[in-house]
$ cat target-v8.cif   # mmCIF, C-alpha atoms, pLDDT in the B column; chains and numbers go by the auth columns
data_upload
#
loop_
_atom_site.group_PDB
_atom_site.id
_atom_site.type_symbol
_atom_site.label_atom_id
_atom_site.label_comp_id
_atom_site.label_asym_id
_atom_site.label_seq_id
_atom_site.Cartn_x
_atom_site.Cartn_y
_atom_site.Cartn_z
_atom_site.B_iso_or_equiv
_atom_site.auth_seq_id
_atom_site.auth_asym_id
ATOM 1 C CA MET A 1 -3.893 -20.892 2.248 73.00 1 A
ATOM 2 C CA ASN A 2 -3.620 -17.241 1.282 89.00 2 A
ATOM 3 C CA PRO A 3 -5.225 -17.002 -2.200 91.00 3 A
ATOM 4 C CA LEU A 4 -2.782 -14.228 -3.137 93.00 4 A
ATOM 5 C CA LYS A 5 0.061 -16.758 -3.172 93.00 5 A
ATOM 6 C CA GLU A 6 -1.789 -18.816 -5.760 93.00 6 A
ATOM 7 C CA ILE A 7 -2.543 -15.697 -7.806 93.00 7 A
ATOM 8 C CA LEU A 8 1.111 -14.627 -7.833 93.00 8 A
ATOM 9 C CA GLU A 9 2.088 -18.069 -9.121 93.00 9 A
ATOM 10 C CA GLN A 10 -0.347 -18.093 -12.043 90.00 10 A
ATOM 11 C CA LYS A 11 0.859 -18.353 -15.637 88.00 11 A
ATOM 12 C CA LYS A 12 -1.741 -16.031 -17.112 90.00 12 A
ATOM 13 C CA THR A 13 -2.559 -12.309 -17.153 90.00 13 A
ATOM 14 C CA VAL A 14 -3.150 -11.068 -13.605 93.00 14 A
ATOM 15 C CA LEU A 15 -3.400 -7.331 -12.983 95.00 15 A
ATOM 16 C CA ILE A 16 -2.211 -5.799 -9.718 97.00 16 A
ATOM 17 C CA ALA A 17 -3.138 -2.111 -9.774 97.00 17 A
ATOM 18 C CA ASP A 18 -2.513 1.087 -7.878 98.00 18 A
ATOM 19 C CA ALA A 19 -5.367 3.373 -8.918 97.00 19 A
ATOM 20 C CA ARG A 20 -5.177 5.865 -6.047 96.00 20 A
ATOM 21 C CA ALA A 21 -4.245 9.029 -7.961 96.00 21 A
ATOM 22 C CA TYR A 22 -6.431 8.175 -10.972 97.00 22 A
ATOM 23 C CA ALA A 23 -9.549 7.345 -8.942 96.00 23 A
ATOM 24 C CA HIS A 24 -9.003 10.307 -6.623 95.00 24 A
ATOM 25 C CA LYS A 25 -9.260 12.600 -9.631 96.00 25 A
ATOM 26 C CA VAL A 26 -11.967 10.773 -11.599 95.00 26 A
ATOM 27 C CA LEU A 27 -14.299 9.689 -8.793 93.00 27 A
ATOM 28 C CA MET A 28 -13.548 12.149 -5.993 92.00 28 A
ATOM 29 C CA GLN A 29 -12.484 15.241 -7.933 91.00 29 A
ATOM 30 C CA HIS A 30 -9.571 15.595 -5.483 90.00 30 A
ATOM 31 C CA LYS A 31 -11.820 15.887 -2.422 93.00 31 A
ATOM 32 C CA PRO A 32 -10.153 14.882 0.871 92.00 32 A
ATOM 33 C CA TYR A 33 -9.877 11.156 1.448 92.00 33 A
ATOM 34 C CA PRO A 34 -12.377 9.913 4.081 95.00 34 A
ATOM 35 C CA TRP A 35 -9.715 8.189 6.190 95.00 35 A
ATOM 36 C CA HIS A 36 -11.725 8.681 9.380 94.00 36 A
ATOM 37 C CA ASP A 37 -14.980 7.333 7.959 96.00 37 A
ATOM 38 C CA PRO A 38 -14.528 3.592 7.308 96.00 38 A
ATOM 39 C CA THR A 39 -17.944 3.162 5.670 96.00 39 A
ATOM 40 C CA LEU A 40 -17.494 6.091 3.284 96.00 40 A
ATOM 41 C CA TYR A 41 -13.944 4.991 2.450 96.00 41 A
ATOM 42 C CA SER A 42 -15.082 1.418 1.823 95.00 42 A
ATOM 43 C CA ASN A 43 -17.951 2.522 -0.424 95.00 43 A
ATOM 44 C CA TYR A 44 -15.521 4.673 -2.402 95.00 44 A
ATOM 45 C CA MET A 45 -13.054 1.817 -2.839 95.00 45 A
ATOM 46 C CA LYS A 46 -15.941 -0.437 -3.849 94.00 46 A
ATOM 47 C CA GLN A 47 -16.645 2.017 -6.689 94.00 47 A
ATOM 48 C CA VAL A 48 -12.980 1.866 -7.714 95.00 48 A
ATOM 49 C CA ALA A 49 -12.982 -1.938 -7.716 93.00 49 A
ATOM 50 C CA ALA A 50 -16.212 -2.089 -9.735 92.00 50 A
ATOM 51 C CA LEU A 51 -14.910 0.439 -12.254 91.00 51 A
ATOM 52 C CA LEU A 52 -11.594 -1.272 -12.933 93.00 52 A
ATOM 53 C CA ARG A 53 -12.258 -4.956 -12.174 89.00 53 A
ATOM 54 C CA VAL A 54 -8.591 -5.690 -11.468 92.00 54 A
ATOM 55 C CA ASP A 55 -7.416 -8.916 -9.829 94.00 55 A
ATOM 56 C CA VAL A 56 -5.549 -7.316 -6.932 96.00 56 A
ATOM 57 C CA LEU A 57 -6.154 -3.763 -5.721 97.00 57 A
ATOM 58 C CA ILE A 58 -3.611 -1.709 -3.784 97.00 58 A
ATOM 59 C CA LEU A 59 -4.927 0.310 -0.842 97.00 59 A
ATOM 60 C CA ARG A 60 -2.515 3.189 -0.240 97.00 60 A
ATOM 61 C CA PHE A 61 -2.385 3.279 3.542 97.00 61 A
ATOM 62 C CA ASP A 62 0.985 5.007 3.263 97.00 62 A
ATOM 63 C CA LYS A 63 -1.023 8.085 2.269 97.00 63 A
ATOM 64 C CA MET A 64 -3.176 7.735 5.389 96.00 64 A
ATOM 65 C CA LEU A 65 -0.047 7.752 7.568 97.00 65 A
ATOM 66 C CA GLU A 66 1.338 10.764 5.681 97.00 66 A
ATOM 67 C CA GLU A 67 -1.878 12.691 6.239 97.00 67 A
ATOM 68 C CA GLU A 68 -1.943 11.810 9.930 97.00 68 A
ATOM 69 C CA LEU A 69 1.585 13.152 10.362 98.00 69 A
ATOM 70 C CA ARG A 70 0.641 16.300 8.473 97.00 70 A
ATOM 71 C CA THR A 71 -2.641 17.074 10.261 97.00 71 A
ATOM 72 C CA ASN A 72 -2.608 15.514 13.746 97.00 72 A
ATOM 73 C CA ALA A 73 -0.874 18.366 15.575 97.00 73 A
ATOM 74 C CA GLU A 74 -1.569 16.975 19.054 97.00 74 A
ATOM 75 C CA LEU A 75 0.041 13.633 18.271 98.00 75 A
ATOM 76 C CA VAL A 76 3.016 15.215 16.495 98.00 76 A
ATOM 77 C CA ALA A 77 3.604 17.383 19.572 98.00 77 A
ATOM 78 C CA LYS A 78 3.809 14.223 21.732 97.00 78 A
ATOM 79 C CA MET A 79 6.155 12.654 19.208 98.00 79 A
ATOM 80 C CA GLY A 80 8.551 15.584 19.618 96.00 80 A
ATOM 81 C CA GLU A 81 8.738 15.524 23.414 96.00 81 A
ATOM 82 C CA LYS A 82 11.996 13.538 23.376 94.00 82 A
ATOM 83 C CA LYS A 83 14.832 13.810 20.876 89.00 83 A
ATOM 84 C CA ARG A 84 16.301 10.313 20.902 92.00 84 A
ATOM 85 C CA GLN A 85 16.438 8.421 17.603 90.00 85 A
ATOM 86 C CA GLY A 86 13.219 6.621 16.766 93.00 86 A
ATOM 87 C CA TYR A 87 11.184 8.135 19.600 96.00 87 A
ATOM 88 C CA ALA A 88 8.831 9.963 17.223 97.00 88 A
ATOM 89 C CA LEU A 89 8.034 6.748 15.339 97.00 89 A
ATOM 90 C CA LYS A 90 7.530 4.804 18.577 97.00 90 A
ATOM 91 C CA VAL A 91 4.938 7.300 19.828 98.00 91 A
ATOM 92 C CA PHE A 92 3.249 7.414 16.423 98.00 92 A
ATOM 93 C CA MET A 93 2.986 3.626 16.060 97.00 93 A
ATOM 94 C CA GLN A 94 1.811 3.109 19.644 97.00 94 A
ATOM 95 C CA ASP A 95 -0.941 5.723 19.510 97.00 95 A
ATOM 96 C CA GLU A 96 -4.221 3.971 20.280 96.00 96 A
ATOM 97 C CA GLY A 97 -6.210 6.338 18.087 95.00 97 A
ATOM 98 C CA ILE A 98 -4.076 5.435 15.053 94.00 98 A
ATOM 99 C CA LYS A 99 -4.369 1.714 15.814 95.00 99 A
ATOM 100 C CA GLU A 100 -8.130 1.818 16.302 95.00 100 A
ATOM 101 C CA GLY A 101 -8.676 3.966 13.227 94.00 101 A
ATOM 102 C CA THR A 102 -6.527 1.687 11.080 95.00 102 A
ATOM 103 C CA SER A 103 -8.258 -1.430 12.392 95.00 103 A
ATOM 104 C CA SER A 104 -11.720 -0.063 11.677 96.00 104 A
ATOM 105 C CA LEU A 105 -10.717 1.188 8.232 95.00 105 A
ATOM 106 C CA VAL A 106 -8.967 -1.961 7.030 95.00 106 A
ATOM 107 C CA ASN A 107 -11.548 -4.338 8.496 95.00 107 A
ATOM 108 C CA THR A 108 -14.499 -2.501 6.977 95.00 108 A
ATOM 109 C CA ALA A 109 -12.817 -2.060 3.591 94.00 109 A
ATOM 110 C CA THR A 110 -11.589 -5.620 3.158 93.00 110 A
ATOM 111 C CA ASN A 111 -14.891 -7.123 4.304 92.00 111 A
ATOM 112 C CA THR A 112 -16.770 -4.908 1.828 91.00 112 A
ATOM 113 C CA LEU A 113 -14.573 -5.283 -1.247 92.00 113 A
ATOM 114 C CA HIS A 114 -14.821 -8.423 -3.371 89.00 114 A
ATOM 115 C CA VAL A 115 -11.276 -8.194 -4.654 93.00 115 A
ATOM 116 C CA HIS A 116 -7.922 -9.307 -3.274 94.00 116 A
ATOM 117 C CA ILE A 117 -6.268 -6.514 -1.281 95.00 117 A
ATOM 118 C CA LEU A 118 -2.653 -5.468 -0.793 96.00 118 A
ATOM 119 C CA THR A 119 -1.980 -2.486 1.444 97.00 119 A
ATOM 120 C CA GLN A 120 0.963 -0.302 0.507 98.00 120 A
ATOM 121 C CA LEU A 121 2.975 1.044 3.421 98.00 121 A
ATOM 122 C CA PRO A 122 6.218 2.993 3.839 98.00 122 A
ATOM 123 C CA SER A 123 9.320 0.891 4.460 98.00 123 A
ATOM 124 C CA PRO A 124 10.508 0.984 8.106 98.00 124 A
ATOM 125 C CA LEU A 125 13.274 3.385 7.079 97.00 125 A
ATOM 126 C CA GLN A 126 10.857 5.600 5.166 97.00 126 A
ATOM 127 C CA LEU A 127 8.482 5.702 8.133 97.00 127 A
ATOM 128 C CA LEU A 128 11.366 6.591 10.461 97.00 128 A
ATOM 129 C CA GLN A 129 12.259 9.462 8.151 97.00 129 A
ATOM 130 C CA MET A 130 8.639 10.629 7.830 97.00 130 A
ATOM 131 C CA SER A 131 8.082 10.686 11.595 98.00 131 A
ATOM 132 C CA ALA A 132 11.432 12.408 12.239 97.00 132 A
ATOM 133 C CA GLN A 133 10.697 15.070 9.613 97.00 133 A
ATOM 134 C CA ALA A 134 7.301 15.720 11.222 97.00 134 A
ATOM 135 C CA VAL A 135 9.025 16.802 14.458 97.00 135 A
ATOM 136 C CA GLY A 136 12.115 18.371 12.886 95.00 136 A
ATOM 137 C CA ALA A 137 14.487 15.642 14.120 93.00 137 A
ATOM 138 C CA ASP A 138 17.573 14.077 12.518 90.00 138 A
ATOM 139 C CA THR A 139 16.746 11.700 9.662 90.00 139 A
ATOM 140 C CA ASP A 140 19.993 9.699 9.630 92.00 140 A
ATOM 141 C CA PHE A 141 19.314 6.173 10.949 96.00 141 A
ATOM 142 C CA SER A 142 21.361 3.048 11.647 96.00 142 A
ATOM 143 C CA ASP A 143 20.405 -0.546 10.923 97.00 143 A
ATOM 144 C CA GLU A 144 19.578 -0.954 14.612 96.00 144 A
ATOM 145 C CA ASP A 145 17.169 2.000 14.395 96.00 145 A
ATOM 146 C CA ILE A 146 15.485 0.407 11.371 97.00 146 A
ATOM 147 C CA GLU A 147 15.104 -2.968 13.084 97.00 147 A
ATOM 148 C CA ASN A 148 13.646 -1.257 16.166 96.00 148 A
ATOM 149 C CA ALA A 149 11.217 0.528 13.866 97.00 149 A
ATOM 150 C CA SER A 150 10.207 -2.850 12.432 98.00 150 A
ATOM 151 C CA MET A 151 9.364 -4.026 15.964 97.00 151 A
ATOM 152 C CA TYR A 152 6.966 -1.102 16.501 97.00 152 A
ATOM 153 C CA TYR A 153 5.604 -1.629 12.988 96.00 153 A
ATOM 154 C CA ALA A 154 4.980 -5.332 13.665 97.00 154 A
ATOM 155 C CA ASP A 155 2.954 -4.493 16.753 96.00 155 A
ATOM 156 C CA TRP A 156 0.945 -1.835 14.860 96.00 156 A
ATOM 157 C CA LEU A 157 0.197 -4.308 12.078 96.00 157 A
ATOM 158 C CA ARG A 158 -1.762 -6.450 14.510 94.00 158 A
ATOM 159 C CA SER A 159 -4.546 -3.918 13.958 93.00 159 A
ATOM 160 C CA TYR A 160 -4.990 -5.791 10.634 93.00 160 A
ATOM 161 C CA LYS A 161 -5.566 -9.139 12.341 90.00 161 A
ATOM 162 C CA ASP A 162 -9.335 -9.393 11.726 90.00 162 A
ATOM 163 C CA SER A 163 -9.161 -8.112 8.165 93.00 163 A
ATOM 164 C CA LYS A 164 -9.072 -9.877 4.812 92.00 164 A
ATOM 165 C CA VAL A 165 -5.851 -8.194 3.732 94.00 165 A
ATOM 166 C CA ARG A 166 -3.871 -10.677 1.640 94.00 166 A
ATOM 167 C CA GLY A 167 -0.515 -8.977 1.812 96.00 167 A
ATOM 168 C CA LEU A 168 1.618 -5.945 2.607 98.00 168 A
ATOM 169 C CA LEU A 169 3.571 -4.011 -0.005 98.00 169 A
ATOM 170 C CA PHE A 170 6.415 -1.872 1.332 98.00 170 A
ATOM 171 C CA ASP A 171 7.523 1.100 -0.754 98.00 171 A
ATOM 172 C CA GLU A 172 11.235 0.859 -1.564 98.00 172 A
ATOM 173 C CA ARG A 173 11.277 2.976 -4.700 97.00 173 A
ATOM 174 C CA THR A 174 13.616 5.564 -3.182 95.00 174 A
ATOM 175 C CA GLN A 175 15.771 3.359 -0.934 95.00 175 A
ATOM 176 C CA GLU A 176 15.984 -0.386 -0.396 96.00 176 A
ATOM 177 C CA VAL A 177 16.194 -1.921 3.068 97.00 177 A
ATOM 178 C CA ALA A 178 17.908 -5.221 3.853 97.00 178 A
ATOM 179 C CA GLN A 179 15.266 -7.926 4.240 96.00 179 A
ATOM 180 C CA SER A 180 16.824 -9.004 7.545 97.00 180 A
ATOM 181 C CA LEU A 181 15.783 -5.657 9.059 98.00 181 A
ATOM 182 C CA TYR A 182 12.140 -6.540 8.349 98.00 182 A
ATOM 183 C CA GLN A 183 12.322 -9.676 10.530 97.00 183 A
ATOM 184 C CA PRO A 184 9.819 -8.572 13.228 97.00 184 A
ATOM 185 C CA ILE A 185 7.342 -7.683 10.462 98.00 185 A
ATOM 186 C CA LEU A 186 7.983 -10.961 8.664 97.00 186 A
ATOM 187 C CA ASN A 187 7.322 -12.861 11.898 97.00 187 A
ATOM 188 C CA THR A 188 3.959 -11.127 12.390 97.00 188 A
ATOM 189 C CA ALA A 189 3.039 -11.584 8.721 96.00 189 A
ATOM 190 C CA SER A 190 3.813 -15.285 8.925 95.00 190 A
ATOM 191 C CA GLY A 191 1.424 -15.657 11.844 95.00 191 A
ATOM 192 C CA TYR A 192 -1.414 -14.135 9.811 95.00 192 A
ATOM 193 C CA HIS A 193 -0.420 -15.769 6.498 95.00 193 A
ATOM 194 C CA TRP A 194 0.157 -12.450 4.727 97.00 194 A
ATOM 195 C CA GLU A 195 2.359 -12.208 1.661 97.00 195 A
ATOM 196 C CA ILE A 196 5.123 -9.583 1.954 98.00 196 A
ATOM 197 C CA GLY A 197 6.248 -7.602 -1.067 98.00 197 A
ATOM 198 C CA PHE A 198 8.546 -4.692 -1.870 98.00 198 A
ATOM 199 C CA ARG A 199 7.642 -2.067 -4.445 98.00 199 A
ATOM 200 C CA ARG A 200 10.663 -0.935 -6.405 97.00 200 A
ATOM 201 C CA ALA A 201 10.898 1.196 -9.529 93.00 201 A
ATOM 202 C CA ASP A 202 11.142 -1.665 -12.007 94.00 202 A
ATOM 203 C CA ALA A 203 9.357 -4.557 -10.268 97.00 203 A
ATOM 204 C CA LEU A 204 7.520 -5.907 -7.243 98.00 204 A
ATOM 205 C CA HIS A 205 9.464 -8.494 -5.266 98.00 205 A
ATOM 206 C CA PHE A 206 7.653 -10.911 -2.934 98.00 206 A
ATOM 207 C CA CYS A 207 9.285 -12.956 -0.187 96.00 207 A
ATOM 208 C CA GLY A 208 9.538 -16.613 -1.105 94.00 208 A
ATOM 209 C CA PHE A 209 9.181 -16.019 -4.856 94.00 209 A
ATOM 210 C CA THR A 210 12.119 -16.327 -7.241 91.00 210 A
ATOM 211 C CA THR A 211 10.348 -14.414 -10.026 93.00 211 A
ATOM 212 C CA SER A 212 9.583 -10.708 -9.662 96.00 212 A
ATOM 213 C CA ILE A 213 6.417 -8.989 -10.895 97.00 213 A
ATOM 214 C CA PRO A 214 7.122 -6.627 -13.825 96.00 214 A
ATOM 215 C CA VAL A 215 5.925 -3.018 -13.756 96.00 215 A
ATOM 216 C CA LEU A 216 4.023 -1.448 -16.647 96.00 216 A
ATOM 217 C CA GLY A 217 4.819 2.273 -16.534 95.00 217 A
ATOM 218 C CA SER A 218 1.990 4.672 -15.728 96.00 218 A
ATOM 219 C CA ASN A 219 2.547 6.684 -18.935 95.00 219 A
ATOM 220 C CA PHE A 220 1.149 3.709 -20.845 96.00 220 A
ATOM 221 C CA TRP A 221 -2.326 4.799 -19.729 96.00 221 A
ATOM 222 C CA LEU A 222 -1.907 8.252 -21.273 96.00 222 A
ATOM 223 C CA ASP A 223 -1.237 7.073 -24.825 93.00 223 A
ATOM 224 C CA LYS A 224 -4.457 6.055 -26.552 91.00 224 A
ATOM 225 C CA ASN A 225 -2.509 4.363 -29.338 90.00 225 A
ATOM 226 C CA ALA A 226 -0.079 2.401 -27.167 89.00 226 A
ATOM 227 C CA ILE A 227 -0.417 -1.324 -27.804 86.00 227 A
ATOM 228 C CA SER A 228 -1.346 -3.315 -24.707 84.00 228 A
ATOM 229 C CA PRO A 229 1.495 -5.762 -24.039 88.00 229 A
ATOM 230 C CA GLN A 230 0.388 -9.323 -23.441 84.00 230 A
ATOM 231 C CA PHE A 231 1.513 -10.750 -20.116 89.00 231 A
ATOM 232 C CA ASN A 232 1.477 -14.462 -19.374 89.00 232 A
ATOM 233 C CA SER A 233 1.947 -13.894 -15.665 92.00 233 A
ATOM 234 C CA PRO A 234 1.023 -11.275 -13.030 95.00 234 A
ATOM 235 C CA PHE A 235 2.058 -7.674 -13.659 96.00 235 A
ATOM 236 C CA PHE A 236 1.739 -4.402 -11.773 97.00 236 A
ATOM 237 C CA THR A 237 0.809 -0.925 -12.921 97.00 237 A
ATOM 238 C CA GLU A 238 -0.095 2.445 -11.466 98.00 238 A
ATOM 239 C CA ILE A 239 -2.841 4.055 -13.543 97.00 239 A
ATOM 240 C CA HIS A 240 -1.816 7.603 -14.349 97.00 240 A
ATOM 241 C CA GLU A 241 -3.755 10.377 -12.657 96.00 241 A
ATOM 242 C CA ASP A 242 -4.386 12.130 -15.978 97.00 242 A
ATOM 243 C CA ALA A 243 -5.542 9.065 -17.895 97.00 243 A
ATOM 244 C CA ILE A 244 -8.855 9.388 -19.766 96.00 244 A
ATOM 245 C CA PRO A 245 -11.462 6.968 -18.333 96.00 245 A
ATOM 246 C CA GLU A 246 -12.590 5.710 -21.755 95.00 246 A
ATOM 247 C CA VAL A 247 -8.974 4.967 -22.709 94.00 247 A
ATOM 248 C CA VAL A 248 -8.356 3.167 -19.417 95.00 248 A
ATOM 249 C CA LEU A 249 -11.367 0.911 -19.968 93.00 249 A
ATOM 250 C CA GLU A 250 -10.337 0.175 -23.555 92.00 250 A
ATOM 251 C CA LYS A 251 -6.876 -0.840 -22.421 93.00 251 A
ATOM 252 C CA LEU A 252 -8.220 -2.988 -19.591 91.00 252 A
ATOM 253 C CA HIS A 253 -10.470 -4.757 -22.091 88.00 253 A
ATOM 254 C CA ALA A 254 -7.484 -5.358 -24.360 85.00 254 A
ATOM 255 C CA PHE A 255 -5.549 -7.040 -21.550 82.00 255 A
ATOM 256 C CA PHE A 256 -8.297 -9.486 -20.794 72.00 256 A
ATOM 257 C CA HIS A 257 -9.873 -9.739 -24.292 58.00 257 A
ATOM 258 C CA LEU A 258 -13.231 -8.665 -22.881 45.00 258 A
#

$ encode --input "target-v8.cif" --output "structure tokens"
Amino acid sequence: MNPLKEILEQKKTVLIADARAYAHKVLMQHKPYPWHDPTLYSNYMKQVAALLRVDVLILRFDKMLEEELRTNAELVAKMGEKKRQGYALKVFMQDEGIKEGTSSLVNTATNTLHVHILTQLPSPLQLLQMSAQAVGADTDFSDEDIENASMYYADWLRSYKDSKVRGLLFDERTQEVAQSLYQPILNTASGYHWEIGFRRADALHFCGFTTSIPVLGSNFWLDKNAISPQFNSPFFTEIHEDAIPEVVLEKLHAFFHL
């Protein structure tokens, strides 16, 4: 059984955290992310996990994909060779270098970190738009285009197969996608026993769960005097980039009465 399912069902304080921006500033001083060095990336994330001691840590692989589209000129050129809808995403998702790099990164990280891991990814629609924008193509897509994108996504996600990832969190904060259009991804996830969630502005929603996970706004971490709300179930928060480390630790201690 996937232990994340049990965690999401608990009736006590469970913290699911996105600390990417905060840790990037505090621990890395905004240096480039070591996406192409799995050992260095894993050691960095191990520092993050040790610093915060959260229950579930979000790895922002959406940012890895964004950077690849921004910096891999050779691949982007191949993606733009044909103009048909979805071609750019197909080439991007099928690139062996991307698959191998992702596999090495996620396997090394999840086998190094002693914390439950969710990886955040763009929704299929968002990834279609990102790949189209990279080549200057039209960004208006039909439901059929989105479902086709989910098929390529599902194949790419098999690069996770040897990892200890517990679930996938798709970013739907700007635009929601019908769950039916995720079906190829859901089929792959079911085979590997991954939990599937959707990050929206006010909550995280996981497939198969009737109760959503509330979001504690990131500005909470900026206010030293803000009272830590007491949750009797899992909750999610993104730690603000500009939060003061001492304040963050105080607030974490308050949540768990450490």

$ closest_atom_pairs --input "target-v8.cif" --of "segment 58-85 of chain A" --to "segment 232-253 of chain A" --cutoff "12 Å" --atoms "only C-alpha atoms" --output "CSV"
residue,atom,partner,partner_atom,distance
A:Ile58,CA,A:Glu238,CA,9.4
A:Leu59,CA,A:Glu238,CA,11.9
A:Arg60,CA,A:Glu238,CA,11.5

$ residues_around --input "target-v8.cif" --residues "Tyr87 of chain A" --least-positions-apart "4" --cutoff "12 Å" --atoms "all atoms listed in the file" --output "mmCIF file with C-alpha atoms, keeping the file's coordinate frame"
data_model
loop_
_atom_site.group_PDB
_atom_site.id
_atom_site.type_symbol
_atom_site.label_atom_id
_atom_site.label_comp_id
_atom_site.auth_asym_id
_atom_site.auth_seq_id
_atom_site.Cartn_x
_atom_site.Cartn_y
_atom_site.Cartn_z
ATOM 1 C CA VAL A 76 3.016 15.215 16.495
ATOM 2 C CA ALA A 77 3.604 17.383 19.572
ATOM 3 C CA LYS A 78 3.809 14.223 21.732
ATOM 4 C CA MET A 79 6.155 12.654 19.208
ATOM 5 C CA GLY A 80 8.551 15.584 19.618
ATOM 6 C CA GLU A 81 8.738 15.524 23.414
ATOM 7 C CA LYS A 82 11.996 13.538 23.376
ATOM 8 C CA LYS A 83 14.832 13.810 20.876
ATOM 9 C CA VAL A 91 4.938 7.300 19.828
ATOM 10 C CA PHE A 92 3.249 7.414 16.423
ATOM 11 C CA MET A 93 2.986 3.626 16.060
ATOM 12 C CA GLN A 94 1.811 3.109 19.644
ATOM 13 C CA LEU A 128 11.366 6.591 10.461
ATOM 14 C CA GLN A 129 12.259 9.462 8.151
ATOM 15 C CA SER A 131 8.082 10.686 11.595
ATOM 16 C CA ALA A 132 11.432 12.408 12.239
ATOM 17 C CA ALA A 134 7.301 15.720 11.222
ATOM 18 C CA VAL A 135 9.025 16.802 14.458
ATOM 19 C CA ALA A 137 14.487 15.642 14.120
ATOM 20 C CA ASP A 138 17.573 14.077 12.518
ATOM 21 C CA THR A 139 16.746 11.700 9.662
ATOM 22 C CA ASP A 145 17.169 2.000 14.395
ATOM 23 C CA ASN A 148 13.646 -1.257 16.166
ATOM 24 C CA ALA A 149 11.217 0.528 13.866
ATOM 25 C CA TYR A 152 6.966 -1.102 16.501
#

$ closest_residue --input "target-v8.cif" --among "A:Gln126, A:Thr119, A:Asn219, A:Gln29" --to "Ile16 of chain A" --atoms "only C-alpha atoms"
A:Thr119

$ atom_distance --input "target-v8.cif" --atom1 "atom CA of Glu68 of chain A" --atom2 "atom CA of Lys164 of chain A"
23.4 Å

$ resolve_selection --input "target-v8.cif" --expression "the PyMOL selection byres ((chain A and resi 194-203) around 6)" --output "PyMOL selection string"
chain A and resi 166-173+189+192-193+204-207+213-215

$ write_last_selection --input "target-v8.cif" --atoms "C-alpha atoms" --output "PDB file, in the frame of the given file"
ATOM      1  CA  ARG A 166      -3.871 -10.677   1.640  1.00 94.00           C
ATOM      2  CA  GLY A 167      -0.515  -8.977   1.812  1.00 96.00           C
ATOM      3  CA  LEU A 168       1.618  -5.945   2.607  1.00 98.00           C
ATOM      4  CA  LEU A 169       3.571  -4.011  -0.005  1.00 98.00           C
ATOM      5  CA  PHE A 170       6.415  -1.872   1.332  1.00 98.00           C
ATOM      6  CA  ASP A 171       7.523   1.100  -0.754  1.00 98.00           C
ATOM      7  CA  GLU A 172      11.235   0.859  -1.564  1.00 98.00           C
ATOM      8  CA  ARG A 173      11.277   2.976  -4.700  1.00 97.00           C
ATOM      9  CA  ALA A 189       3.039 -11.584   8.721  1.00 96.00           C
ATOM     10  CA  TYR A 192      -1.414 -14.135   9.811  1.00 95.00           C
ATOM     11  CA  HIS A 193      -0.420 -15.769   6.498  1.00 95.00           C
ATOM     12  CA  LEU A 204       7.520  -5.907  -7.243  1.00 98.00           C
ATOM     13  CA  HIS A 205       9.464  -8.494  -5.266  1.00 98.00           C
ATOM     14  CA  PHE A 206       7.653 -10.911  -2.934  1.00 98.00           C
ATOM     15  CA  CYS A 207       9.285 -12.956  -0.187  1.00 96.00           C
ATOM     16  CA  ILE A 213       6.417  -8.989 -10.895  1.00 97.00           C
ATOM     17  CA  PRO A 214       7.122  -6.627 -13.825  1.00 96.00           C
ATOM     18  CA  VAL A 215       5.925  -3.018 -13.756  1.00 96.00           C
TER      19      VAL A 215
END

$ residues_around --input "target-v8.cif" --residues "segment 104-114 of chain A" --least-positions-apart "6" --cutoff "8 Å" --atoms "all atoms listed in the file" --output "ChimeraX atom specification"
/A:35-39,41-43,45-46,49,160,162-165

$ resolve_selection --input "target-v8.cif" --expression "the PyMOL selection byres ((chain A and resi 12) around 12)" --output "list in words"
Glu6, Ile7, Leu8, Glu9, Gln10, Lys11, Thr13, Val14, Leu15, Asp55, Gln230, Phe231, Asn232, Ser233, Pro234, Phe235, Phe255 and Phe256 of chain A

$ closest_residue --input "target-v8.cif" --among "A:Asp18, A:Gln179, A:Leu127, A:Tyr153" --to "Gly217 of chain A" --atoms "all atoms listed in the file"
A:Asp18

$ atom_distance --input "target-v8.cif" --atom1 "atom CA of Leu52 of chain A" --atom2 "atom CA of Pro34 of chain A"
20.4 Å
